[in-house]
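Next comes model.txt, a file with compact mmCIF, N, CA and C atoms and all ligand atoms.
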```
# COMPACT_ATOMS: atom_id res chain seq x y z
N MET A 147 14.64 -55.06 41.61
CA MET A 147 15.93 -55.78 41.73
C MET A 147 17.08 -54.77 41.75
N ASN A 148 17.94 -54.90 42.74
CA ASN A 148 19.10 -54.02 42.82
C ASN A 148 20.29 -54.63 42.07
N TYR A 149 21.19 -53.77 41.66
CA TYR A 149 22.41 -54.22 40.98
C TYR A 149 23.25 -55.07 41.94
N ASP A 150 23.71 -56.22 41.46
CA ASP A 150 24.51 -57.13 42.28
C ASP A 150 26.00 -56.85 42.03
N ASP A 151 26.65 -56.27 43.03
CA ASP A 151 28.07 -55.91 42.89
C ASP A 151 28.98 -57.13 42.73
N ASN A 152 28.45 -58.31 43.00
CA ASN A 152 29.27 -59.51 42.89
C ASN A 152 29.08 -60.27 41.59
N ASN A 153 28.33 -59.67 40.63
CA ASN A 153 28.18 -60.39 39.36
C ASN A 153 29.55 -60.42 38.65
N ILE A 154 29.68 -61.39 37.76
CA ILE A 154 31.00 -61.68 37.16
C ILE A 154 31.56 -60.48 36.37
N PHE A 155 30.71 -59.71 35.71
CA PHE A 155 31.22 -58.58 34.93
C PHE A 155 31.65 -57.43 35.84
N ALA A 156 30.99 -57.30 36.99
CA ALA A 156 31.43 -56.29 37.97
C ALA A 156 32.84 -56.66 38.44
N LYS A 157 33.08 -57.94 38.63
CA LYS A 157 34.41 -58.40 39.07
C LYS A 157 35.45 -58.16 37.98
N ILE A 158 35.06 -58.38 36.72
CA ILE A 158 35.98 -58.10 35.60
C ILE A 158 36.29 -56.61 35.56
N LEU A 159 35.26 -55.77 35.74
CA LEU A 159 35.48 -54.31 35.71
C LEU A 159 36.40 -53.87 36.84
N ARG A 160 36.32 -54.54 37.98
CA ARG A 160 37.19 -54.17 39.11
C ARG A 160 38.58 -54.80 38.99
N GLY A 161 38.78 -55.63 37.95
CA GLY A 161 40.07 -56.27 37.75
C GLY A 161 40.29 -57.47 38.65
N GLU A 162 39.23 -57.97 39.27
CA GLU A 162 39.36 -59.12 40.17
C GLU A 162 39.39 -60.44 39.40
N ILE A 163 38.84 -60.41 38.18
CA ILE A 163 38.83 -61.58 37.31
C ILE A 163 39.40 -61.13 35.97
N PRO A 164 40.30 -61.93 35.37
CA PRO A 164 40.89 -61.48 34.10
C PRO A 164 39.92 -61.59 32.92
N CYS A 165 40.21 -60.84 31.89
CA CYS A 165 39.44 -60.98 30.65
C CYS A 165 40.40 -60.72 29.49
N LYS A 166 40.00 -61.18 28.31
CA LYS A 166 40.79 -60.90 27.10
C LYS A 166 40.22 -59.63 26.48
N LYS A 167 40.85 -58.52 26.83
CA LYS A 167 40.31 -57.21 26.45
C LYS A 167 40.44 -56.92 24.96
N ILE A 168 39.39 -56.33 24.41
CA ILE A 168 39.41 -55.94 23.00
C ILE A 168 39.47 -54.41 22.87
N TYR A 169 38.71 -53.73 23.73
CA TYR A 169 38.58 -52.28 23.61
C TYR A 169 38.17 -51.71 24.97
N GLU A 170 38.65 -50.49 25.23
CA GLU A 170 38.24 -49.82 26.47
C GLU A 170 38.27 -48.32 26.26
N ASP A 171 37.27 -47.62 26.79
CA ASP A 171 37.35 -46.16 26.87
C ASP A 171 36.74 -45.74 28.20
N GLU A 172 36.43 -44.47 28.34
CA GLU A 172 35.95 -43.95 29.63
C GLU A 172 34.70 -44.67 30.13
N PHE A 173 33.83 -45.06 29.20
CA PHE A 173 32.52 -45.59 29.59
C PHE A 173 32.28 -47.06 29.25
N VAL A 174 33.17 -47.63 28.45
CA VAL A 174 32.89 -48.94 27.85
C VAL A 174 34.08 -49.89 28.00
N LEU A 175 33.77 -51.17 28.21
CA LEU A 175 34.80 -52.21 28.15
C LEU A 175 34.30 -53.31 27.22
N SER A 176 35.19 -53.85 26.42
CA SER A 176 34.84 -54.98 25.56
C SER A 176 35.89 -56.07 25.72
N PHE A 177 35.41 -57.30 25.75
CA PHE A 177 36.31 -58.45 25.90
C PHE A 177 35.67 -59.66 25.25
N TYR A 178 36.47 -60.71 25.04
CA TYR A 178 35.94 -61.93 24.41
C TYR A 178 35.08 -62.71 25.40
N ASP A 179 34.00 -63.29 24.87
CA ASP A 179 33.15 -64.16 25.67
C ASP A 179 33.92 -65.44 26.01
N VAL A 180 33.82 -65.89 27.24
CA VAL A 180 34.56 -67.06 27.70
C VAL A 180 34.04 -68.35 27.05
N ASN A 181 32.82 -68.29 26.54
CA ASN A 181 32.19 -69.48 25.96
C ASN A 181 31.66 -69.12 24.57
N PRO A 182 32.59 -68.95 23.59
CA PRO A 182 32.17 -68.40 22.29
C PRO A 182 31.16 -69.27 21.55
N GLN A 183 30.12 -68.61 21.03
CA GLN A 183 29.07 -69.31 20.29
C GLN A 183 29.31 -69.25 18.78
N LYS A 184 30.21 -68.36 18.36
CA LYS A 184 30.57 -68.23 16.94
C LYS A 184 32.07 -68.01 16.87
N LYS A 185 32.63 -68.01 15.63
CA LYS A 185 34.07 -67.85 15.45
C LYS A 185 34.57 -66.63 16.22
N ILE A 186 33.85 -65.53 16.10
CA ILE A 186 34.15 -64.35 16.91
C ILE A 186 32.95 -64.08 17.80
N HIS A 187 33.20 -63.97 19.09
CA HIS A 187 32.11 -63.68 20.04
C HIS A 187 32.68 -62.74 21.10
N ALA A 188 32.30 -61.47 20.98
CA ALA A 188 32.77 -60.46 21.92
C ALA A 188 31.60 -59.96 22.77
N LEU A 189 31.95 -59.33 23.87
CA LEU A 189 30.94 -58.69 24.72
C LEU A 189 31.31 -57.22 24.85
N VAL A 190 30.31 -56.36 24.85
CA VAL A 190 30.53 -54.93 25.02
C VAL A 190 29.67 -54.48 26.19
N ILE A 191 30.30 -53.92 27.22
CA ILE A 191 29.55 -53.58 28.43
C ILE A 191 29.81 -52.13 28.86
N PRO A 192 28.82 -51.52 29.50
CA PRO A 192 29.07 -50.20 30.08
C PRO A 192 29.88 -50.37 31.37
N LYS A 193 30.67 -49.36 31.72
CA LYS A 193 31.41 -49.44 32.98
C LYS A 193 30.51 -49.13 34.18
N GLY A 194 29.42 -48.44 33.93
CA GLY A 194 28.48 -48.12 35.01
C GLY A 194 27.68 -49.35 35.43
N LYS A 195 27.07 -49.23 36.61
CA LYS A 195 26.35 -50.36 37.20
C LYS A 195 24.91 -50.41 36.68
N TYR A 196 24.71 -51.08 35.55
CA TYR A 196 23.37 -51.19 34.97
C TYR A 196 23.05 -52.66 34.76
N ILE A 197 21.87 -53.05 35.21
CA ILE A 197 21.49 -54.46 35.18
C ILE A 197 21.19 -54.93 33.75
N ASP A 198 20.46 -54.11 33.03
CA ASP A 198 20.04 -54.52 31.69
C ASP A 198 19.73 -53.27 30.87
N LEU A 199 19.27 -53.47 29.64
CA LEU A 199 19.05 -52.33 28.74
C LEU A 199 18.00 -51.36 29.28
N ASP A 200 16.96 -51.87 29.88
CA ASP A 200 15.90 -50.99 30.41
C ASP A 200 16.44 -50.13 31.55
N ASP A 201 17.21 -50.77 32.43
CA ASP A 201 17.83 -50.06 33.55
C ASP A 201 18.77 -48.97 33.01
N PHE A 202 19.56 -49.35 32.02
CA PHE A 202 20.52 -48.43 31.39
C PHE A 202 19.79 -47.23 30.78
N ASN A 203 18.78 -47.51 29.99
CA ASN A 203 18.09 -46.41 29.30
C ASN A 203 17.34 -45.50 30.26
N SER A 204 16.97 -46.00 31.42
CA SER A 204 16.26 -45.13 32.36
C SER A 204 17.22 -44.35 33.26
N LYS A 205 18.48 -44.82 33.41
CA LYS A 205 19.37 -44.17 34.38
C LYS A 205 20.66 -43.59 33.80
N ALA A 206 21.11 -44.11 32.68
CA ALA A 206 22.43 -43.69 32.16
C ALA A 206 22.38 -42.29 31.58
N THR A 207 23.53 -41.64 31.55
CA THR A 207 23.63 -40.32 30.92
C THR A 207 23.68 -40.49 29.40
N GLU A 208 23.40 -39.39 28.71
CA GLU A 208 23.46 -39.44 27.23
C GLU A 208 24.86 -39.84 26.77
N ARG A 209 25.86 -39.36 27.46
CA ARG A 209 27.25 -39.70 27.07
C ARG A 209 27.50 -41.19 27.20
N GLU A 210 26.98 -41.78 28.28
CA GLU A 210 27.16 -43.23 28.46
C GLU A 210 26.43 -44.01 27.37
N ILE A 211 25.22 -43.54 27.04
CA ILE A 211 24.43 -44.26 26.04
C ILE A 211 25.10 -44.18 24.67
N VAL A 212 25.54 -42.99 24.31
CA VAL A 212 26.22 -42.83 23.01
C VAL A 212 27.49 -43.67 22.99
N ALA A 213 28.25 -43.64 24.08
CA ALA A 213 29.52 -44.37 24.12
C ALA A 213 29.29 -45.88 23.95
N LEU A 214 28.24 -46.39 24.57
CA LEU A 214 28.00 -47.84 24.48
C LEU A 214 27.59 -48.24 23.06
N ILE A 215 26.67 -47.47 22.49
CA ILE A 215 26.21 -47.81 21.13
C ILE A 215 27.37 -47.65 20.14
N LYS A 216 28.12 -46.57 20.26
CA LYS A 216 29.26 -46.39 19.35
C LYS A 216 30.34 -47.42 19.63
N GLY A 217 30.44 -47.85 20.88
CA GLY A 217 31.44 -48.85 21.26
C GLY A 217 31.25 -50.15 20.49
N ILE A 218 30.00 -50.50 20.23
CA ILE A 218 29.73 -51.75 19.49
C ILE A 218 30.37 -51.66 18.10
N SER A 219 30.19 -50.54 17.42
CA SER A 219 30.78 -50.38 16.08
C SER A 219 32.30 -50.33 16.15
N LYS A 220 32.82 -49.68 17.18
CA LYS A 220 34.29 -49.62 17.31
C LYS A 220 34.87 -51.02 17.49
N VAL A 221 34.20 -51.82 18.30
CA VAL A 221 34.67 -53.19 18.52
C VAL A 221 34.57 -54.00 17.23
N ALA A 222 33.46 -53.86 16.52
CA ALA A 222 33.29 -54.60 15.26
C ALA A 222 34.38 -54.20 14.27
N ASP A 223 34.70 -52.92 14.23
CA ASP A 223 35.77 -52.43 13.36
C ASP A 223 37.10 -53.06 13.75
N LYS A 224 37.36 -53.01 15.05
CA LYS A 224 38.64 -53.53 15.57
C LYS A 224 38.79 -55.02 15.29
N LEU A 225 37.67 -55.73 15.31
CA LEU A 225 37.70 -57.17 15.06
C LEU A 225 37.66 -57.50 13.57
N GLY A 226 37.50 -56.47 12.74
CA GLY A 226 37.48 -56.67 11.29
C GLY A 226 36.19 -57.29 10.78
N ILE A 227 35.09 -57.08 11.51
CA ILE A 227 33.83 -57.70 11.08
C ILE A 227 32.75 -56.66 10.78
N SER A 228 33.10 -55.38 10.87
CA SER A 228 32.12 -54.33 10.52
C SER A 228 31.89 -54.38 9.02
N LYS A 229 30.86 -53.66 8.57
CA LYS A 229 30.54 -53.65 7.14
C LYS A 229 31.71 -53.09 6.34
N SER A 230 32.37 -52.08 6.90
CA SER A 230 33.47 -51.46 6.13
C SER A 230 34.75 -52.30 6.17
N LYS A 231 34.95 -53.06 7.26
CA LYS A 231 36.21 -53.81 7.40
C LYS A 231 36.04 -55.30 7.10
N GLY A 232 34.79 -55.76 7.07
CA GLY A 232 34.58 -57.20 6.90
C GLY A 232 33.22 -57.51 6.30
N LYS A 233 32.57 -58.53 6.82
CA LYS A 233 31.34 -59.00 6.19
C LYS A 233 30.12 -58.86 7.07
N GLY A 234 30.25 -58.13 8.16
CA GLY A 234 29.08 -57.90 9.01
C GLY A 234 29.07 -58.79 10.23
N TYR A 235 28.09 -58.54 11.05
CA TYR A 235 28.04 -59.23 12.35
C TYR A 235 26.63 -59.10 12.92
N ARG A 236 26.40 -59.71 14.07
CA ARG A 236 25.12 -59.55 14.78
C ARG A 236 25.41 -59.09 16.20
N THR A 237 24.59 -58.15 16.66
CA THR A 237 24.69 -57.78 18.06
C THR A 237 23.34 -58.02 18.72
N LEU A 238 23.39 -58.44 19.97
CA LEU A 238 22.14 -58.65 20.70
C LEU A 238 22.37 -58.51 22.20
N ALA A 239 21.30 -58.13 22.86
CA ALA A 239 21.34 -58.05 24.32
C ALA A 239 20.18 -58.87 24.88
N ASN A 240 20.48 -59.76 25.78
CA ASN A 240 19.44 -60.53 26.46
C ASN A 240 18.98 -59.73 27.68
N ILE A 241 17.67 -59.67 27.86
CA ILE A 241 17.13 -58.88 28.96
C ILE A 241 16.24 -59.74 29.84
N SER A 242 16.69 -59.92 31.07
CA SER A 242 15.93 -60.60 32.12
C SER A 242 15.53 -62.03 31.75
N GLU A 243 14.51 -62.51 32.40
CA GLU A 243 14.19 -63.94 32.38
C GLU A 243 13.84 -64.47 30.98
N HIS A 244 12.86 -63.85 30.34
CA HIS A 244 12.45 -64.35 29.02
C HIS A 244 13.51 -64.10 27.97
N GLY A 245 14.36 -63.10 28.19
CA GLY A 245 15.46 -62.84 27.25
C GLY A 245 16.62 -63.81 27.43
N GLY A 246 16.61 -64.56 28.53
CA GLY A 246 17.68 -65.53 28.78
C GLY A 246 18.95 -64.91 29.32
N GLN A 247 18.83 -63.78 30.01
CA GLN A 247 20.02 -63.12 30.56
C GLN A 247 20.55 -63.89 31.76
N GLU A 248 21.87 -64.19 31.72
CA GLU A 248 22.48 -64.92 32.83
C GLU A 248 23.27 -64.00 33.74
N VAL A 249 24.00 -63.06 33.14
CA VAL A 249 24.83 -62.15 33.94
C VAL A 249 24.09 -60.82 34.09
N PRO A 250 23.79 -60.41 35.33
CA PRO A 250 22.96 -59.22 35.54
C PRO A 250 23.73 -57.90 35.50
N HIS A 251 24.53 -57.76 34.45
CA HIS A 251 25.18 -56.47 34.12
C HIS A 251 25.00 -56.34 32.61
N LEU A 252 24.39 -55.22 32.18
CA LEU A 252 24.10 -55.05 30.74
C LEU A 252 25.29 -55.42 29.86
N HIS A 253 25.04 -56.21 28.85
CA HIS A 253 26.08 -56.53 27.87
C HIS A 253 25.46 -56.77 26.51
N PHE A 254 26.18 -56.30 25.49
CA PHE A 254 25.81 -56.63 24.12
C PHE A 254 26.76 -57.72 23.65
N HIS A 255 26.19 -58.78 23.09
CA HIS A 255 26.98 -59.81 22.43
C HIS A 255 27.28 -59.31 21.02
N VAL A 256 28.47 -59.61 20.51
CA VAL A 256 28.82 -59.31 19.12
C VAL A 256 29.34 -60.61 18.51
N PHE A 257 28.58 -61.11 17.53
CA PHE A 257 28.93 -62.38 16.87
C PHE A 257 29.37 -62.11 15.44
N GLY A 258 30.41 -62.79 14.97
CA GLY A 258 30.82 -62.63 13.58
C GLY A 258 31.95 -63.56 13.23
N GLY A 259 32.60 -63.23 12.09
CA GLY A 259 33.69 -64.08 11.61
C GLY A 259 33.20 -65.24 10.78
N GLU A 260 31.89 -65.42 10.71
CA GLU A 260 31.24 -66.45 9.91
C GLU A 260 29.76 -66.08 9.84
N LYS A 261 28.99 -66.79 9.00
CA LYS A 261 27.55 -66.53 8.96
C LYS A 261 26.96 -66.88 10.32
N VAL A 262 26.20 -65.97 10.87
CA VAL A 262 25.73 -66.16 12.25
C VAL A 262 24.52 -67.10 12.31
N GLY A 263 23.75 -67.19 11.24
CA GLY A 263 22.64 -68.16 11.21
C GLY A 263 21.31 -67.56 11.61
N ARG A 264 20.37 -68.45 11.93
CA ARG A 264 18.99 -68.02 12.24
C ARG A 264 18.97 -67.01 13.37
N MET A 265 18.03 -66.07 13.29
CA MET A 265 18.01 -65.00 14.29
C MET A 265 17.60 -65.55 15.66
N VAL A 266 16.59 -66.40 15.68
CA VAL A 266 16.14 -66.96 16.96
C VAL A 266 15.98 -68.46 16.77
N GLU A 267 16.53 -69.21 17.71
CA GLU A 267 16.44 -70.68 17.61
C GLU A 267 15.17 -71.18 18.26
P1 LIG B 1 23.84 -63.74 28.83
O1 LIG B 1 23.19 -65.08 28.74
O2 LIG B 1 23.36 -62.82 27.75
O3 LIG B 1 23.76 -63.16 30.23
O4 LIG B 1 25.38 -63.98 28.50
C1 LIG B 1 26.39 -64.05 29.44
C2 LIG B 1 27.66 -64.38 28.69
O5 LIG B 1 28.75 -64.12 29.56
C3 LIG B 1 27.79 -65.83 28.25
O6 LIG B 1 27.86 -65.86 26.82
C4 LIG B 1 29.09 -66.31 28.86
C5 LIG B 1 29.78 -65.04 29.29
N1 LIG B 1 30.56 -65.16 30.51
C6 LIG B 1 30.15 -65.66 31.71
N2 LIG B 1 31.14 -65.62 32.60
C7 LIG B 1 32.21 -65.04 31.98
C8 LIG B 1 33.54 -64.73 32.38
O7 LIG B 1 33.95 -64.93 33.52
N3 LIG B 1 34.35 -64.16 31.43
C9 LIG B 1 33.93 -63.89 30.16
N4 LIG B 1 34.80 -63.34 29.32
N5 LIG B 1 32.68 -64.19 29.73
C10 LIG B 1 31.84 -64.76 30.64
```
Go ahead and render the structure in this file as structure tokens.
Amino acid sequence: MNYDDNNIFAKILRGEIPCKKIYEDEFVLSFYDVNPQKKIHALVIPKGKYIDLDDFNSKATEREIVALIKGISKVADKLGISKSKGKGYRTLANISEHGGQEVPHLHFHVFGGEKVGRMVE
């Protein structure tokens, strides 16, 4: 499967669709999920064209990988839900069909602001 340049997050990265931005650096963009599942629901995505975590880990540079993983903590800090600033959070990435991935651009969900609940429904 090739990367689809018309997926919704590619359009957000190109500025063709607006988003409520939380954080941005050279490699990472974070914004609020349009359909929040918890009090706080953010998304953290790489700026590079990666379909999912497996694609990312096989093709991304070390700098991109470090930036994305660190980006999750930076976003949690900024939102006041990290362990040091708040009460914790959950991050997860859905991968492909069985993972329930809808948007084919790698993204980590960040849930918090309340007890997130059971790990898997
Ligand atoms: P997933 O199922 O893991 O692929 O999650 C995709 C998420 O993307 C889902 O929680 C809703 C969110 N989403 C879809 N379209 C948009 C959009 O246009 N803007 C924003 N901010 N989020 C979107």
| Spatial neighbours of Tyr178 (chain A), max dist 10 Å, only C-alpha atoms, sep filter under 3 positions, as a PyMOL selection string | chain A and resi 165-168+181-182+186-190+255-256
| For region 262-265 of chain A: contacts at 8 Å, all atoms listed in the file, fewer than 6 positions along chain excluded, given as a list of chain:residue names |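 Surrounding residues, per the criterion: A:Lys184, A:Lys185, A:Gly234, A:Tyr235, A:Arg236.
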Atoms to include: N, CA and C atoms. Write the selected residues as a CSV table (one decimal), in the coordinates of the input.
```csv
chain,number,residue,atom,x,y,z
A,184,LYS,N,30.2,-68.4,18.4
A,184,LYS,CA,30.6,-68.2,16.9
A,184,LYS,C,32.1,-68.0,16.9
A,185,LYS,N,32.6,-68.0,15.6
A,185,LYS,CA,34.1,-67.8,15.4
A,185,LYS,C,34.6,-66.6,16.2
A,234,GLY,N,30.2,-58.1,8.2
A,234,GLY,CA,29.1,-57.9,9.0
A,234,GLY,C,29.1,-58.8,10.2
A,235,TYR,N,28.1,-58.5,11.0
A,235,TYR,CA,28.0,-59.2,12.4
A,235,TYR,C,26.6,-59.1,12.9
A,236,ARG,N,26.4,-59.7,14.1
A,236,ARG,CA,25.1,-59.6,14.8
A,236,ARG,C,25.4,-59.1,16.2
```
I'd like the contact shell of region 237-247 of chain A - 7 Å cut-off, only C-alpha atoms, skipping same-chain residues fewer than 6 positions apart - returned as a tab-separated table (two decimals) with N, CA and C atoms, keeping the file's coordinate frame.
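Output file part_27.tsv follows:
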```tsv
chain	number	residue	atom	x	y	z
A	198	ASP	N	20.46	-54.11	33.03
A	198	ASP	CA	20.04	-54.52	31.69
A	198	ASP	C	19.73	-53.27	30.87
A	199	LEU	N	19.27	-53.47	29.64
A	199	LEU	CA	19.05	-52.33	28.74
A	199	LEU	C	18.00	-51.36	29.28
A	253	HIS	N	25.04	-56.21	28.85
A	253	HIS	CA	26.08	-56.53	27.87
A	253	HIS	C	25.46	-56.77	26.51
A	254	PHE	N	26.18	-56.30	25.49
A	254	PHE	CA	25.81	-56.63	24.12
A	254	PHE	C	26.76	-57.72	23.65
A	255	HIS	N	26.19	-58.78	23.09
A	255	HIS	CA	26.98	-59.81	22.43
A	255	HIS	C	27.28	-59.31	21.02
A	256	VAL	N	28.47	-59.61	20.51
A	256	VAL	CA	28.82	-59.31	19.12
A	256	VAL	C	29.34	-60.61	18.51
A	257	PHE	N	28.58	-61.11	17.53
A	257	PHE	CA	28.93	-62.38	16.87
A	257	PHE	C	29.37	-62.11	15.44
```
| task | DSSP on the backbone, then: every residue of chain A marked helix (DSSP H, G or I), written as a VMD selection string. | result | chain A and resid 154 to 159 199 to 205 208 to 224 242 to 245
| Got a sec to tell me which of chain A DSSP assigns to strand (DSSP E or B), as a ChimeraX atom specification? | /A:167-170,174-178,186-192,235-238,254-258
| said: One decimal, in Å: what's the spacing between atom C of Ala213 (chain A) and atom O4 of ligand LIG 1 (chain B)? | reply: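 Answer for the atom C of Ala213 (chain A) to atom O4 of ligand LIG 1 (chain B) separation: 19.1 Å.
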| request: In Å, rounded to a single decimal, give me how far CA of Gly194 (chain A) is from CA of Gly259 (chain A). | output: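 Interatomic distance, CA of Gly259 (chain A) to CA of Gly194 (chain A): 28.8 Å.
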| task | Identify which of the residues A:Lys229, A:Arg160, A:His251, A:Lys261 lies closest to ligand LIG 1 (chain B), counting only N, CA and C atoms and all ligand atoms when measuring atom-to-atom distances. | result |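 Closest to ligand LIG 1 (chain B) of all the choices is A:His251.
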| request: Would you work out the distance separating atom C1 of ligand LIG 1 (chain B) from CA of Arg209 (chain A), expressed in Å to one decimal? | output: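 For atom C1 of ligand LIG 1 (chain B) relative to CA of Arg209 (chain A), the distance reads 24.5 Å.
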Given 4 Å on each side, where is the centre and what are the edge lengths in Å to one decimal of the axis-aligned box enclosing the listed atoms of region 200-218 of chain A, as AutoDock Vina command-line options?
```
--center_x 23.7 --center_y -45.6 --center_z 26.2 --size_x 23.5 --size_y 20.5 --size_z 24.3
```
N, CA, C and O atoms for region 160-172 of chain A, written as a PDB file, keeping the file's coordinate frame, could you do that?
```pdb
ATOM      1  N   ARG A 160      36.320 -54.540  37.980  1.00  0.00           N
ATOM      2  CA  ARG A 160      37.190 -54.170  39.110  1.00  0.00           C
ATOM      3  C   ARG A 160      38.580 -54.800  38.990  1.00  0.00           C
ATOM      4  O   ARG A 160      39.442 -54.574  39.828  1.00  0.00           O
ATOM      5  N   GLY A 161      38.780 -55.630  37.950  1.00  0.00           N
ATOM      6  CA  GLY A 161      40.070 -56.270  37.750  1.00  0.00           C
ATOM      7  C   GLY A 161      40.290 -57.470  38.650  1.00  0.00           C
ATOM      8  O   GLY A 161      41.415 -57.967  38.772  1.00  0.00           O
ATOM      9  N   GLU A 162      39.230 -57.970  39.270  1.00  0.00           N
ATOM     10  CA  GLU A 162      39.360 -59.120  40.170  1.00  0.00           C
ATOM     11  C   GLU A 162      39.390 -60.440  39.400  1.00  0.00           C
ATOM     12  O   GLU A 162      39.862 -61.456  39.908  1.00  0.00           O
ATOM     13  N   ILE A 163      38.840 -60.410  38.180  1.00  0.00           N
ATOM     14  CA  ILE A 163      38.830 -61.580  37.310  1.00  0.00           C
ATOM     15  C   ILE A 163      39.400 -61.130  35.970  1.00  0.00           C
ATOM     16  O   ILE A 163      39.040 -60.048  35.492  1.00  0.00           O
ATOM     17  N   PRO A 164      40.300 -61.930  35.370  1.00  0.00           N
ATOM     18  CA  PRO A 164      40.890 -61.480  34.100  1.00  0.00           C
ATOM     19  C   PRO A 164      39.920 -61.590  32.920  1.00  0.00           C
ATOM     20  O   PRO A 164      38.943 -62.341  32.985  1.00  0.00           O
ATOM     21  N   CYS A 165      40.210 -60.840  31.890  1.00  0.00           N
ATOM     22  CA  CYS A 165      39.440 -60.980  30.650  1.00  0.00           C
ATOM     23  C   CYS A 165      40.400 -60.720  29.490  1.00  0.00           C
ATOM     24  O   CYS A 165      41.465 -60.138  29.684  1.00  0.00           O
ATOM     25  N   LYS A 166      40.000 -61.180  28.310  1.00  0.00           N
ATOM     26  CA  LYS A 166      40.790 -60.900  27.100  1.00  0.00           C
ATOM     27  C   LYS A 166      40.220 -59.630  26.480  1.00  0.00           C
ATOM     28  O   LYS A 166      39.237 -59.671  25.742  1.00  0.00           O
ATOM     29  N   LYS A 167      40.850 -58.520  26.830  1.00  0.00           N
ATOM     30  CA  LYS A 167      40.310 -57.210  26.450  1.00  0.00           C
ATOM     31  C   LYS A 167      40.440 -56.920  24.960  1.00  0.00           C
ATOM     32  O   LYS A 167      41.466 -57.217  24.358  1.00  0.00           O
ATOM     33  N   ILE A 168      39.390 -56.330  24.410  1.00  0.00           N
ATOM     34  CA  ILE A 168      39.410 -55.940  23.000  1.00  0.00           C
ATOM     35  C   ILE A 168      39.470 -54.410  22.870  1.00  0.00           C
ATOM     36  O   ILE A 168      40.187 -53.874  22.036  1.00  0.00           O
ATOM     37  N   TYR A 169      38.710 -53.730  23.730  1.00  0.00           N
ATOM     38  CA  TYR A 169      38.580 -52.280  23.610  1.00  0.00           C
ATOM     39  C   TYR A 169      38.170 -51.710  24.970  1.00  0.00           C
ATOM     40  O   TYR A 169      37.441 -52.354  25.725  1.00  0.00           O
ATOM     41  N   GLU A 170      38.650 -50.490  25.230  1.00  0.00           N
ATOM     42  CA  GLU A 170      38.240 -49.820  26.470  1.00  0.00           C
ATOM     43  C   GLU A 170      38.270 -48.320  26.260  1.00  0.00           C
ATOM     44  O   GLU A 170      39.173 -47.788  25.605  1.00  0.00           O
ATOM     45  N   ASP A 171      37.270 -47.620  26.790  1.00  0.00           N
ATOM     46  CA  ASP A 171      37.350 -46.160  26.870  1.00  0.00           C
ATOM     47  C   ASP A 171      36.740 -45.740  28.200  1.00  0.00           C
ATOM     48  O   ASP A 171      36.550 -46.579  29.097  1.00  0.00           O
ATOM     49  N   GLU A 172      36.430 -44.470  28.340  1.00  0.00           N
ATOM     50  CA  GLU A 172      35.950 -43.950  29.630  1.00  0.00           C
ATOM     51  C   GLU A 172      34.700 -44.670  30.130  1.00  0.00           C
ATOM     52  O   GLU A 172      34.523 -44.877  31.333  1.00  0.00           O
TER      53      GLU A 172
END
```
